[in-house]
file target_18.txt (compact mmCIF, C-alpha atoms and all ligand atoms)
# COMPACT_ATOMS: atom_id res chain seq x y z
CA MET A 26 84.40 125.32 108.66
CA PRO A 27 85.19 126.28 105.05
CA LEU A 28 88.77 126.73 103.84
CA ASP A 29 90.41 129.07 106.34
CA LEU A 30 93.34 130.63 104.53
CA ASP A 31 94.59 132.60 107.52
CA THR A 32 94.90 129.44 109.60
CA ILE A 33 96.48 127.61 106.67
CA ARG A 34 99.03 130.34 106.05
CA ALA A 35 99.87 130.60 109.72
CA SER A 36 100.86 126.90 109.60
CA PHE A 37 103.70 127.65 107.14
CA PRO A 38 106.52 129.62 108.81
CA ALA A 39 108.14 130.45 105.47
CA LEU A 40 105.08 132.38 104.33
CA SER A 41 105.61 135.14 106.87
CA THR A 42 109.33 135.51 106.16
CA THR A 43 110.43 138.86 104.76
CA ASP A 44 113.64 140.08 103.13
CA ASN A 45 114.56 143.68 104.03
CA GLY A 46 110.96 144.11 105.07
CA VAL A 47 109.56 142.86 101.73
CA PRO A 48 107.24 139.84 101.97
CA ARG A 49 107.95 136.82 99.81
CA ILE A 50 105.44 135.67 97.24
CA TYR A 51 106.03 132.03 96.43
CA PHE A 52 104.89 131.17 92.92
CA ASP A 53 107.78 128.74 92.41
CA ASN A 54 105.67 125.96 93.91
CA PRO A 55 105.74 123.55 90.94
CA ALA A 56 109.50 123.39 91.55
CA GLY A 57 109.02 122.83 95.28
CA THR A 58 106.59 123.95 97.95
CA GLN A 59 107.03 125.41 101.42
CA VAL A 60 106.34 123.13 104.39
CA PRO A 61 104.06 123.44 107.40
CA LYS A 62 105.69 123.70 110.83
CA SER A 63 104.39 120.23 111.64
CA VAL A 64 106.68 118.85 108.90
CA VAL A 65 109.71 120.65 110.32
CA ASP A 66 108.83 119.45 113.85
CA SER A 67 108.31 115.86 112.75
CA MET A 68 111.68 115.81 110.98
CA SER A 69 113.57 117.29 113.90
CA GLN A 70 111.80 114.98 116.35
CA CYS A 71 112.84 112.04 114.22
CA LEU A 72 116.45 113.21 114.25
CA ILE A 73 116.39 113.59 118.03
CA GLU A 74 114.37 110.54 119.07
CA SER A 75 114.58 107.98 116.28
CA ASN A 76 118.01 108.49 114.82
CA ALA A 77 119.29 104.99 114.12
CA ASN A 78 119.32 102.43 111.37
CA VAL A 79 116.35 100.07 111.13
CA HIS A 80 115.77 96.52 112.41
CA GLY A 81 117.94 96.89 115.54
CA THR A 82 117.27 95.64 119.05
CA PHE A 83 117.27 99.01 120.80
CA VAL A 84 114.80 101.79 121.22
CA THR A 85 115.96 104.36 118.64
CA SER A 86 116.09 101.66 115.98
CA GLN A 87 112.63 100.42 116.90
CA ARG A 88 111.38 104.00 116.61
CA ALA A 89 113.02 104.30 113.19
CA ASP A 90 111.14 101.12 112.20
CA GLN A 91 107.91 102.83 113.27
CA VAL A 92 108.72 105.92 111.20
CA VAL A 93 109.38 103.76 108.14
CA ALA A 94 106.16 101.78 108.59
CA GLY A 95 104.20 104.97 109.26
CA ALA A 96 105.50 106.64 106.12
CA HIS A 97 104.42 103.69 103.95
CA GLU A 98 100.99 103.76 105.57
CA ALA A 99 100.65 107.52 105.10
CA MET A 100 101.46 107.32 101.39
CA ALA A 101 99.13 104.33 100.96
CA ASP A 102 96.37 106.61 102.31
CA MET A 103 97.39 109.50 100.08
CA LEU A 104 97.33 107.37 96.92
CA ASN A 105 94.64 104.87 97.98
CA ALA A 106 97.05 101.97 97.60
CA GLU A 107 95.78 98.53 98.52
CA SER A 108 98.73 98.03 100.86
CA PRO A 109 101.66 99.99 102.32
CA ASP A 110 103.91 97.28 100.81
CA GLU A 111 103.21 98.77 97.40
CA ILE A 112 104.88 102.06 98.42
CA ILE A 113 108.61 102.50 97.65
CA PHE A 114 110.59 105.42 99.03
CA GLY A 115 113.66 106.89 97.39
CA GLN A 116 115.69 110.01 96.92
CA ASN A 117 113.44 111.68 94.36
CA MET A 118 111.31 110.87 91.32
CA THR A 119 114.26 110.90 88.94
CA SER A 120 116.46 108.52 90.93
CA LEU A 121 113.58 106.13 91.60
CA THR A 122 112.60 106.08 87.94
CA LEU A 123 116.16 105.52 86.71
CA HIS A 124 116.44 102.69 89.24
CA ILE A 125 113.13 100.88 88.65
CA SER A 126 113.48 101.29 84.87
CA ARG A 127 116.32 98.75 85.01
CA SER A 128 114.02 96.21 86.65
CA ILE A 129 111.13 97.00 84.31
CA GLY A 130 113.55 96.59 81.42
CA ARG A 131 114.04 92.93 82.40
CA LEU A 132 110.43 92.36 81.28
CA LEU A 133 111.03 93.95 77.85
CA SER A 134 112.88 92.82 74.73
CA ALA A 135 114.32 94.34 71.55
CA GLY A 136 111.59 95.51 69.20
CA ASP A 137 108.99 96.02 71.94
CA GLU A 138 107.27 99.39 71.70
CA ILE A 139 107.13 101.94 74.48
CA VAL A 140 105.09 105.12 74.40
CA LEU A 141 106.56 108.40 75.68
CA SER A 142 104.84 111.75 75.61
CA ARG A 143 105.86 115.12 74.20
CA MET A 144 104.24 116.77 77.23
CA ASP A 145 106.20 115.07 79.97
CA HIS A 146 108.98 116.31 82.23
CA ASP A 147 112.24 114.64 81.28
CA GLY A 148 112.05 112.57 84.47
CA ASN A 149 109.48 110.41 82.68
CA VAL A 150 111.27 110.52 79.32
CA GLY A 151 115.05 110.42 79.78
CA PRO A 152 115.16 107.17 81.81
CA TRP A 153 113.04 105.38 79.21
CA LEU A 154 115.07 106.73 76.28
CA LEU A 155 118.18 105.29 77.95
CA LEU A 156 116.39 101.97 78.44
CA ALA A 157 115.23 101.99 74.82
CA ARG A 158 118.79 102.59 73.68
CA ASP A 159 120.15 99.80 75.90
CA LEU A 160 117.53 97.22 74.92
CA GLY A 161 116.69 98.21 71.34
CA LEU A 162 113.12 99.20 72.16
CA GLU A 163 111.00 101.12 69.67
CA VAL A 164 109.88 104.53 71.01
CA ARG A 165 106.52 105.82 69.86
CA TRP A 166 105.82 109.46 70.70
CA LEU A 167 102.48 110.68 71.94
CA PRO A 168 102.08 114.30 70.74
CA PHE A 169 99.63 116.75 72.28
CA ASN A 170 97.36 119.13 70.47
CA THR A 171 99.09 122.53 70.57
CA GLU A 172 95.75 124.34 70.35
CA THR A 173 93.92 122.52 73.13
CA PHE A 174 97.09 121.59 75.07
CA GLU A 175 95.62 118.11 75.57
CA PHE A 176 96.18 114.65 74.14
CA ASP A 177 93.62 113.81 71.45
CA ALA A 178 91.92 110.50 72.22
CA ASP A 179 92.20 109.30 68.59
CA VAL A 180 95.95 110.00 68.62
CA VAL A 181 96.32 107.99 71.82
CA ASP A 182 94.48 105.16 70.03
CA GLU A 183 96.91 105.36 67.11
CA VAL A 184 100.10 105.50 69.17
CA ILE A 185 99.26 102.55 71.43
CA THR A 186 99.46 99.38 69.34
CA GLU A 187 99.38 95.63 69.87
CA LYS A 188 103.18 95.80 70.26
CA THR A 189 103.12 98.40 73.06
CA ARG A 190 104.55 97.03 76.29
CA LEU A 191 104.88 100.20 78.35
CA VAL A 192 103.15 103.59 78.33
CA CYS A 193 104.81 106.42 80.28
CA VAL A 194 102.71 109.54 80.73
CA GLY A 195 102.27 112.41 83.15
CA ALA A 196 99.19 112.96 85.29
CA ALA A 197 99.63 116.74 85.07
CA SER A 198 102.12 118.83 83.13
CA ASN A 199 104.74 120.87 85.00
CA LEU A 200 104.89 123.25 82.01
CA ILE A 201 101.40 123.79 80.61
CA GLY A 202 99.40 122.53 83.58
CA THR A 203 97.12 120.13 81.69
CA ILE A 204 95.58 117.32 83.73
CA ASN A 205 95.65 114.28 81.51
CA ASP A 206 92.95 111.64 81.25
CA VAL A 207 95.23 109.02 82.73
CA LYS A 208 92.39 106.63 83.48
CA SER A 209 91.42 106.23 79.84
CA ILE A 210 95.06 106.03 78.69
CA CYS A 211 95.63 103.24 81.24
CA ALA A 212 92.53 101.40 80.03
CA LYS A 213 93.82 101.57 76.44
CA ALA A 214 97.25 100.35 77.50
CA LYS A 215 95.76 97.55 79.53
CA ALA A 216 93.65 96.42 76.58
CA VAL A 217 96.86 95.59 74.66
CA GLY A 218 98.63 94.16 77.72
CA ALA A 219 100.96 97.14 78.24
CA MET A 220 102.17 98.43 81.61
CA THR A 221 101.64 102.06 82.58
CA TYR A 222 104.07 104.37 84.42
CA ILE A 223 102.39 107.58 85.56
CA ASP A 224 104.44 110.60 86.57
CA SER A 225 102.21 112.31 89.10
CA VAL A 226 104.82 114.64 90.54
CA GLN A 227 102.53 117.51 89.48
CA GLY A 228 99.27 115.61 89.95
CA VAL A 229 99.48 114.47 93.57
CA PRO A 230 100.00 118.02 94.97
CA HIS A 231 96.72 119.19 93.43
CA VAL A 232 94.40 116.31 92.63
CA SER A 233 92.91 113.53 94.75
CA THR A 234 94.86 110.51 93.53
CA ASP A 235 93.47 106.98 93.61
CA VAL A 236 95.80 104.48 91.99
CA GLN A 237 93.18 101.76 92.09
CA ASP A 238 90.65 103.90 90.27
CA LEU A 239 93.21 105.09 87.70
CA GLY A 240 94.07 101.50 86.83
CA CYS A 241 97.78 102.28 86.40
CA ASP A 242 100.68 99.95 87.23
CA PHE A 243 103.13 102.51 88.61
CA LEU A 244 102.60 106.04 89.86
CA ILE A 245 105.35 108.26 91.13
CA CYS A 246 105.42 111.54 93.05
CA SER A 247 107.75 113.70 95.15
CA ALA A 248 106.93 114.87 98.67
CA TYR A 249 108.70 118.20 98.27
CA LYS A 250 106.06 119.18 95.71
CA PHE A 251 103.26 118.53 98.21
CA PHE A 252 104.46 120.43 101.27
CA GLY A 253 106.83 117.72 102.48
CA PRO A 254 110.59 117.17 102.40
CA HIS A 255 112.83 116.19 99.49
CA GLN A 256 111.85 112.61 98.87
CA GLY A 257 110.45 110.50 96.04
CA ILE A 258 107.65 107.97 96.39
CA LEU A 259 106.79 105.25 93.90
CA TRP A 260 103.63 103.18 94.05
CA GLY A 261 103.68 99.89 92.14
CA ARG A 262 100.95 97.31 91.68
CA ARG A 263 101.84 94.34 93.87
CA GLU A 264 101.58 91.66 91.12
CA ILE A 265 104.04 93.60 88.97
CA LEU A 266 106.43 94.55 91.76
CA GLU A 267 106.61 90.89 92.73
CA LYS A 268 107.42 89.96 89.14
CA LEU A 269 110.29 92.46 88.84
CA GLU A 270 113.87 91.57 89.54
CA PRO A 271 115.14 94.15 92.05
CA TYR A 272 118.57 95.70 91.48
CA LYS A 273 119.70 95.37 95.07
CA LEU A 274 122.54 94.44 97.36
CA ARG A 275 122.64 90.77 98.43
CA PRO A 276 122.04 91.25 102.17
CA ALA A 277 119.17 93.72 101.55
CA PRO A 278 115.56 92.49 101.99
CA GLU A 279 114.15 90.15 99.36
CA GLU A 280 110.55 91.26 99.84
CA ILE A 281 108.70 94.33 98.55
CA PRO A 282 109.01 97.18 99.18
CA GLY A 283 112.41 96.86 100.92
CA CYS A 284 114.03 95.13 97.96
CA PHE A 285 113.56 98.31 95.89
CA GLU A 286 114.54 100.78 98.64
CA THR A 287 118.27 100.88 98.13
CA GLY A 288 120.67 101.73 100.94
CA THR A 289 119.72 103.65 104.04
CA GLN A 290 116.67 105.79 103.52
CA SER A 291 116.04 109.33 104.78
CA HIS A 292 114.07 108.46 107.91
CA GLU A 293 113.73 112.14 108.77
CA GLY A 294 112.35 112.65 105.26
CA MET A 295 109.83 109.89 105.89
CA ALA A 296 108.85 111.52 109.17
CA GLY A 297 108.30 114.76 107.27
CA THR A 298 106.25 113.00 104.62
CA ILE A 299 103.98 111.50 107.31
CA ALA A 300 103.45 115.01 108.65
CA ALA A 301 102.69 116.36 105.15
CA VAL A 302 100.00 113.70 104.68
CA ASP A 303 98.68 114.46 108.17
CA TYR A 304 98.55 118.14 107.21
CA PHE A 305 96.17 117.31 104.34
CA SER A 306 94.18 115.13 106.73
CA TRP A 307 93.86 118.06 109.15
CA VAL A 308 92.66 120.33 106.33
CA GLY A 309 90.24 117.63 105.21
CA GLU A 310 88.84 117.00 108.67
CA THR A 311 88.54 120.61 109.78
CA MET A 312 87.85 122.55 106.56
CA ALA A 313 86.50 120.21 103.90
CA SER A 314 83.35 118.71 105.43
CA ASP A 315 81.41 119.57 102.24
CA TYR A 316 83.57 117.03 100.42
CA HIS A 317 83.45 114.15 102.93
CA HIS A 318 80.41 112.52 101.29
CA LYS A 319 82.46 111.89 98.11
CA TYR A 320 84.81 109.68 100.09
CA SER A 321 82.37 107.85 102.35
CA HIS A 322 83.95 104.63 101.03
CA PHE A 323 87.20 105.60 102.82
CA ASP A 324 87.82 105.91 106.54
CA GLY A 325 89.82 108.23 108.78
CA ARG A 326 92.92 109.84 107.33
CA ARG A 327 92.33 108.38 103.86
CA LYS A 328 88.92 110.00 103.67
CA TYR A 329 90.10 113.37 105.02
CA VAL A 330 93.14 113.55 102.74
CA HIS A 331 91.09 112.94 99.62
CA ALA A 332 88.36 115.38 100.71
CA ALA A 333 91.08 117.99 101.36
CA MET A 334 92.53 117.54 97.88
CA ASP A 335 89.13 118.23 96.26
CA CYS A 336 88.50 121.24 98.47
CA LEU A 337 91.95 122.71 97.78
CA PHE A 338 91.57 121.97 94.07
CA ASP A 339 88.43 124.12 93.89
CA TYR A 340 90.21 127.04 95.56
CA GLU A 341 93.27 126.64 93.32
CA ALA A 342 90.98 126.67 90.25
CA GLU A 343 89.73 130.11 91.34
CA LEU A 344 93.30 131.35 91.70
CA ALA A 345 94.19 129.97 88.27
CA GLU A 346 91.17 131.55 86.64
CA ASN A 347 91.99 135.00 88.05
CA LEU A 348 95.64 134.65 87.19
CA ILE A 349 94.93 133.61 83.60
CA ARG A 350 92.31 136.32 83.10
CA GLY A 351 94.79 138.93 84.31
CA LEU A 352 97.65 137.58 82.21
CA GLN A 353 95.50 137.66 79.08
CA GLN A 354 94.99 141.39 79.56
CA LEU A 355 98.71 142.14 79.58
CA PRO A 356 100.39 143.26 76.32
CA GLY A 357 102.22 140.60 74.33
CA VAL A 358 101.43 137.75 76.74
CA GLN A 359 100.41 134.29 75.56
CA VAL A 360 99.24 131.71 78.08
CA GLN A 361 100.79 128.40 77.06
CA GLY A 362 98.04 126.16 78.31
CA ILE A 363 94.31 125.66 78.81
CA SER A 364 92.87 129.09 79.48
CA THR A 365 89.10 129.18 79.07
CA PRO A 366 87.36 129.87 82.39
CA ASP A 367 85.07 126.83 82.12
CA ALA A 368 88.06 124.48 81.67
CA MET A 369 89.86 125.12 84.97
CA LYS A 370 88.97 121.56 86.10
CA ARG A 371 91.16 120.23 83.31
CA ARG A 372 94.30 121.95 84.53
CA VAL A 373 96.35 122.45 87.67
CA PRO A 374 97.05 126.09 88.59
CA THR A 375 100.57 126.00 87.08
CA VAL A 376 100.43 128.75 84.45
CA SER A 377 103.19 129.32 81.92
CA ILE A 378 103.44 132.33 79.65
CA THR A 379 105.53 133.51 76.76
CA VAL A 380 105.88 137.23 76.09
CA ASN A 381 106.60 138.73 72.68
CA ASN A 382 110.20 139.93 72.36
CA ALA A 383 110.94 139.30 76.03
CA VAL A 384 113.37 136.79 77.48
CA PRO A 385 111.71 134.62 80.19
CA ASP A 386 114.83 134.62 82.39
CA VAL A 387 114.87 138.42 82.40
CA ILE A 388 111.21 138.66 83.44
CA ALA A 389 111.77 136.06 86.18
CA ALA A 390 114.76 138.04 87.44
CA GLU A 391 112.73 141.26 87.51
CA LEU A 392 110.01 139.53 89.50
CA GLY A 393 112.66 137.99 91.77
CA ALA A 394 114.01 141.46 92.48
CA ARG A 395 110.52 142.27 93.81
CA ASN A 396 110.51 139.12 95.96
CA ILE A 397 108.04 137.39 93.66
CA PHE A 398 109.41 133.91 92.99
CA VAL A 399 108.68 132.33 89.62
CA TRP A 400 110.56 129.91 87.41
CA SER A 401 111.68 130.39 83.81
CA GLY A 402 113.15 128.31 81.00
CA ASN A 403 112.10 124.83 79.93
CA VAL A 404 111.54 123.61 83.50
CA TYR A 405 112.94 120.23 82.33
CA ALA A 406 109.90 119.70 80.10
CA VAL A 407 112.25 119.91 77.17
CA GLU A 408 110.14 117.74 74.86
CA ALA A 409 107.23 120.11 75.42
CA THR A 410 109.17 123.35 74.89
CA ASN A 411 110.64 121.90 71.70
CA PHE A 412 107.25 120.68 70.55
CA LEU A 413 105.73 124.12 71.17
CA GLY A 414 108.66 125.76 69.34
CA ILE A 415 109.61 127.93 72.32
CA GLU A 416 112.84 126.25 73.46
CA GLU A 417 115.06 128.53 71.36
CA SER A 418 113.42 131.67 72.68
CA GLY A 419 114.09 130.68 76.28
CA GLY A 420 110.98 128.71 77.21
CA VAL A 421 108.40 130.23 79.52
CA VAL A 422 107.84 132.20 82.67
CA ARG A 423 106.03 129.80 84.99
CA ILE A 424 103.75 131.14 87.73
CA GLY A 425 102.61 128.31 89.98
CA PRO A 426 100.18 129.11 92.78
CA VAL A 427 99.09 126.51 95.33
CA HIS A 428 96.41 126.59 98.01
CA TYR A 429 98.42 128.73 100.41
CA ASN A 430 98.61 131.57 97.90
CA THR A 431 96.06 134.37 97.99
CA HIS A 432 94.13 136.36 95.41
CA ALA A 433 96.06 139.40 96.63
CA GLU A 434 99.32 137.65 95.67
CA VAL A 435 97.90 136.92 92.23
CA ASP A 436 97.10 140.62 91.90
CA SER A 437 100.65 141.46 92.99
CA VAL A 438 102.28 139.38 90.26
CA LEU A 439 99.88 140.82 87.67
CA ASN A 440 100.63 144.38 88.78
CA ALA A 441 104.36 143.70 88.76
CA LEU A 442 104.15 142.27 85.23
CA ALA A 443 102.08 145.26 84.09
CA ASP A 444 104.95 147.42 85.28
CA ILE A 445 107.79 145.27 83.94
CA LEU A 446 106.49 144.27 80.51
CA PRO A 447 106.24 147.70 78.83
CA ARG A 448 109.93 148.21 79.64
CA ALA A 449 110.77 144.76 78.30
CA ASN A 450 110.19 145.92 74.72
CA VAL A 451 107.00 143.90 74.32
CA ALA A 452 105.41 144.19 70.88
C1 LIG B 501 106.31 116.41 86.32
C2 LIG B 501 107.63 116.19 86.98
N1 LIG B 501 108.21 114.98 86.90
C3 LIG B 501 109.38 114.71 87.47
C4 LIG B 501 110.07 115.67 88.17
C5 LIG B 501 111.37 115.31 88.81
O1 LIG B 501 111.16 115.16 90.18
P1 LIG B 501 112.36 114.95 91.18
O2 LIG B 501 112.97 116.26 91.45
O3 LIG B 501 111.69 114.37 92.41
O4 LIG B 501 113.30 113.99 90.57
C6 LIG B 501 109.52 116.95 88.28
C7 LIG B 501 110.26 118.02 88.97
O5 LIG B 501 110.00 119.18 88.79
C8 LIG B 501 108.27 117.21 87.67
O6 LIG B 501 107.70 118.40 87.76

call {"tool": "encode", "arguments": {"input": "target_18.txt", "output": "structure tokens", "more": "lines below"}}
Ligand SMILES: Cc1ncc(COP(=O)(O)O)c(C=O)c1O
result
Amino acid sequence: MPLDLDTIRASFPALSTTDNGVPRIYFDNPAGTQVPKSVVDSMSQCLIESNANVHGTFVTSQRADQVVAGAHEAMADMLNAESPDEIIFGQNMTSLTLHISRSIGRLLSAGDEIVLSRMDHDGNVGPWLLLARDLGLEVRWLPFNTETFEFDADVVDEVITEKTRLVCVGAASNLIGTINDVKSICAKAKAVGAMTYIDSVQGVPHVSTDVQDLGCDFLICSAYKFFGPHQGILWGRREILEKLEPYKLRPAPEEIPGCFETGTQSHEGMAGTIAAVDYFSWVGETMASDYHHKYSHFDGRRKYVHAAMDCLFDYEAELAENLIRGLQQLPGVQVQGISTPDAMKRRVPTVSITVNNAVPDVIAAELGARNIFVWSGNVYAVEATNFLGIEESGGVVRIGPVHYNTHAEVDSVLNALADILPRANVA
């Protein structure tokens, strides 16, 4: 069966919610997605049947142990990790990164170079700037080409030097939507002996992610961006995780991954994350058979999840293409990102626009009043909005479809903008 959008949409209770009879159109997905009912059910079942701390001698605790183990296995499948032990759960990407950066910092010394990008969300910039300040590290900035919205390979070559010890870069931009060539950046970093920290908060929801193929050392994502609950997940290469000194309490586990999972985790969040991965597996098994052959080297859930991601990616590329084509026809609108129809494979469907003489927050509010949910501002990609020179003018309006959105919803936002923009004094 090909992608069956009606069945998919029926799985997400929030998609049929209305306000005063007006349906909601969720294009705020890069800031957080809606969840399938199976995620809600898994979380409430966990709270009813497995609600205890781990490693106890009684049944609810043993069930909590199973949830924790299952969540590590699910994410190992999602990211093609070699082992569930390489998966670390935490509150969110930001908290996990601030935390692990202290341990990574123990491997670095004053004068070492780290590479940060002008495209990244501050979650993959701020923690490293603080570390650089604390340790006296040298920060080298990786700029992107403001015409192509991509990193130029020769600039990557220049920025990574023999002194580079860590390269922090995003898999996909939450502002301009570019999918970066992480694999080649990791190869360049590896050639000089540098570690790589990949922010895939916006990659994992859209792109089949294989940490072994990418050749990175760390990759981080957040389940609430891929139809799960609010939770962060860090993958780290075992050899490096085992080398790091964990910042942990003394009675806490000494072994990975427990030594990096501080305090009591959200077991209900983990239960929801398992269900989110199982949701992709269901899509992959029942609707993405055309893609199974690409993952014949994987089995079971791992194969289905990765096939689903490719299938959903192709549909999202169609949505992005229609959205961008429509936006380009509106007066005064500039798409801040890759926009040629044949380049949709190089971007996720997150589309940001600026509009001549119009304030992004005002446009977002007008759309919100019509129950069309979009984000505006710098969306925490403050290096990128500064680099593009649009921070002062209020950043962007960001329209972020995912696979549960329809072409009709894309038309709705375009029609709404066609109505709003002439009144917004657009030149
Ligand atoms: C690319 C990117 N990195 C990091 C983050 C921060 O994620 P979290 O909210 O899990 O800390 C976000 C959130 O929007 C993001 O889009």

call {"tool": "axis_aligned_box", "arguments": {"input": "target_18.txt", "around": "segment 146-160 of chain A", "padding_each_side": "5 Å", "output": "JSON"}}
result
{"center_x": 114.6, "center_y": 106.8, "center_z": 79.1, "size_x": 21.2, "size_y": 29.1, "size_z": 20.8}

call {"tool": "closest_residue", "arguments": {"input": "target_18.txt", "among": "A:Arg34, A:His80, A:Arg88, A:Arg49", "to": "Arg395 of chain A", "atoms": "all atoms listed in the file"}}
result
A:Arg49

call {"tool": "atom_distance", "arguments": {"input": "target_18.txt", "atom1": "atom CA of Pro230 of chain A", "atom2": "atom O1 of ligand LIG 501 (chain B)"}}
result
12.5 Å

call {"tool": "residues_near_ligand", "arguments": {"input": "target_18.txt", "ligand": "ligand LIG 501 (chain B)", "cutoff": "10 Å", "atoms": "all atoms listed in the file", "output": "PyMOL selection string"}}
result
chain A and resi 54-57+115-123+144-150+194-200+202+223-228+245-250+255-258+404-406

call {"tool": "closest_residue", "arguments": {"input": "target_18.txt", "among": "A:Asp177, A:Asp315, A:Glu138, A:Glu267", "to": "Leu28 of chain A", "atoms": "all atoms listed in the file"}}
result
A:Asp315

call {"tool": "closest_atom_pairs", "arguments": {"input": "target_18.txt", "of": "segment 138-257 of chain A", "to": "segment 343-361 of chain A", "cutoff": "10 Å", "atoms": "only C-alpha atoms", "output": "Markdown table"}}
result
| residue | atom | partner | partner_atom | distance |
| --- | --- | --- | --- | --- |
| A:Thr171 | CA | A:Gln361 | CA | 8.9 |
| A:Glu172 | CA | A:Gln361 | CA | 9.3 |
| A:Thr173 | CA | A:Gln361 | CA | 9.9 |
| A:Phe174 | CA | A:Gln361 | CA | 8.0 |
| A:Leu200 | CA | A:Gln361 | CA | 8.2 |
| A:Ile201 | CA | A:Gln361 | CA | 5.9 |
| A:Gly202 | CA | A:Gln361 | CA | 8.9 |

call {"tool": "residues_around", "arguments": {"input": "target_18.txt", "residues": "Trp153 of chain A", "least_positions_apart": "6", "cutoff": "12 Å", "atoms": "only C-alpha atoms", "output": "PyMOL selection string"}}
result
chain A and resi 119+122-130+133+138-142+145+147+159-166+191-194+222

call {"tool": "atom_distance", "arguments": {"input": "target_18.txt", "atom1": "atom CA of Ala313 of chain A", "atom2": "atom CA of Val376 of chain A"}}
result
25.4 Å

call {"tool": "closest_residue", "arguments": {"input": "target_18.txt", "among": "A:Gly81, A:Pro109, A:Pro278, A:Gly261", "to": "Val236 of chain A", "atoms": "only C-alpha atoms"}}
result
A:Gly261

call {"tool": "residues_around", "arguments": {"input": "target_18.txt", "residues": "Tyr316 of chain A", "least_positions_apart": "6", "cutoff": "10 Å", "atoms": "all atoms listed in the file", "output": "PDB file with C-alpha atoms, in the frame of the given file"}}
result
ATOM      1  CA  GLY A 309      90.240 117.630 105.210  1.00  0.00           C
ATOM      2  CA  GLU A 310      88.840 117.000 108.670  1.00  0.00           C
ATOM      3  CA  LYS A 328      88.920 110.000 103.670  1.00  0.00           C
ATOM      4  CA  TYR A 329      90.100 113.370 105.020  1.00  0.00           C
ATOM      5  CA  HIS A 331      91.090 112.940  99.620  1.00  0.00           C
ATOM      6  CA  ALA A 332      88.360 115.380 100.710  1.00  0.00           C
ATOM      7  CA  ALA A 333      91.080 117.990 101.360  1.00  0.00           C
ATOM      8  CA  MET A 334      92.530 117.540  97.880  1.00  0.00           C
ATOM      9  CA  ASP A 335      89.130 118.230  96.260  1.00  0.00           C
ATOM     10  CA  CYS A 336      88.500 121.240  98.470  1.00  0.00           C
TER      11      CYS A 336
END

call {"tool": "closest_residue", "arguments": {"input": "target_18.txt", "among": "A:Val207, A:Val47, A:Ile112, A:Val229", "to": "Ala99 of chain A", "atoms": "all atoms listed in the file"}}
result
A:Ile112

call {"tool": "closest_residue", "arguments": {"input": "target_18.txt", "among": "A:Thr43, A:Thr203, A:Asn430, A:Asn396", "to": "Lys370 of chain A", "atoms": "all atoms listed in the file"}}
result
A:Thr203

call {"tool": "closest_residue", "arguments": {"input": "target_18.txt", "among": "A:Phe83, A:Met369, A:Leu104, A:Val65", "to": "Leu244 of chain A", "atoms": "all atoms listed in the file"}}
result
A:Leu104

call {"tool": "closest_atom_pairs", "arguments": {"input": "target_18.txt", "of": "segment 63-114 of chain A", "to": "segment 291-308 of chain A", "cutoff": "8 Å", "atoms": "all atoms listed in the file", "output": "Markdown table"}}
result
| residue | atom | partner | partner_atom | distance |
| --- | --- | --- | --- | --- |
| A:Ser63 | CA | A:Ala300 | CA | 6.1 |
| A:Val64 | CA | A:Gly297 | CA | 4.7 |
| A:Val65 | CA | A:Gly297 | CA | 6.8 |
| A:Ser67 | CA | A:Gly297 | CA | 5.6 |
| A:Met68 | CA | A:Glu293 | CA | 4.7 |
| A:Ser69 | CA | A:Glu293 | CA | 7.3 |
| A:Cys71 | CA | A:Glu293 | CA | 5.5 |
| A:Leu72 | CA | A:Glu293 | CA | 6.2 |
| A:Asn76 | CA | A:His292 | CA | 8.0 |
| A:Ala89 | CA | A:His292 | CA | 6.8 |
| A:Val92 | CA | A:Ala296 | CA | 6.0 |
| A:Val93 | CA | A:Met295 | CA | 6.5 |
| A:Gly95 | CA | A:Ile299 | CA | 6.8 |
| A:Ala96 | CA | A:Ile299 | CA | 5.2 |
| A:Ala99 | CA | A:Ile299 | CA | 5.6 |
| A:Met100 | CA | A:Val302 | CA | 7.3 |
| A:Met103 | CA | A:Val302 | CA | 6.8 |

call {"tool": "residues_around", "arguments": {"input": "target_18.txt", "residues": "Lys273 of chain A", "least_positions_apart": "5", "cutoff": "9 Å", "atoms": "all atoms listed in the file", "output": "list of chain:residue names"}}
result
A:Pro278, A:Glu279, A:Cys284, A:Phe285, A:Glu286, A:Thr287, A:Gly288

call {"tool": "residues_around", "arguments": {"input": "target_18.txt", "residues": "Ser437 of chain A", "least_positions_apart": "4", "cutoff": "9 Å", "atoms": "all atoms listed in the file", "output": "number ranges by chain"}}
result
A: 50, 397, 432-433, 441-442

call {"tool": "build_atoms", "arguments": {"input": "target_18.txt", "residues": "segment 79-83 of chain A", "atoms": "N, CA and C atoms", "output": "mmCIF file, keeping the file's coordinate frame"}}
result
data_model
loop_
_atom_site.group_PDB
_atom_site.id
_atom_site.type_symbol
_atom_site.label_atom_id
_atom_site.label_comp_id
_atom_site.auth_asym_id
_atom_site.auth_seq_id
_atom_site.Cartn_x
_atom_site.Cartn_y
_atom_site.Cartn_z
ATOM 1 N N VAL A 79 117.555 100.870 110.821
ATOM 2 C CA VAL A 79 116.350 100.070 111.130
ATOM 3 C C VAL A 79 116.708 98.634 111.532
ATOM 4 N N HIS A 80 115.715 97.961 112.079
ATOM 5 C CA HIS A 80 115.770 96.520 112.410
ATOM 6 C C HIS A 80 116.785 96.201 113.505
ATOM 7 N N GLY A 81 117.047 97.161 114.412
ATOM 8 C CA GLY A 81 117.940 96.890 115.540
ATOM 9 C C GLY A 81 117.151 96.443 116.762
ATOM 10 N N THR A 82 117.887 96.188 117.837
ATOM 11 C CA THR A 82 117.270 95.640 119.050
ATOM 12 C C THR A 82 117.104 96.694 120.136
ATOM 13 N N PHE A 83 117.284 97.951 119.787
ATOM 14 C CA PHE A 83 117.270 99.010 120.800
ATOM 15 C C PHE A 83 116.256 100.080 120.396
#
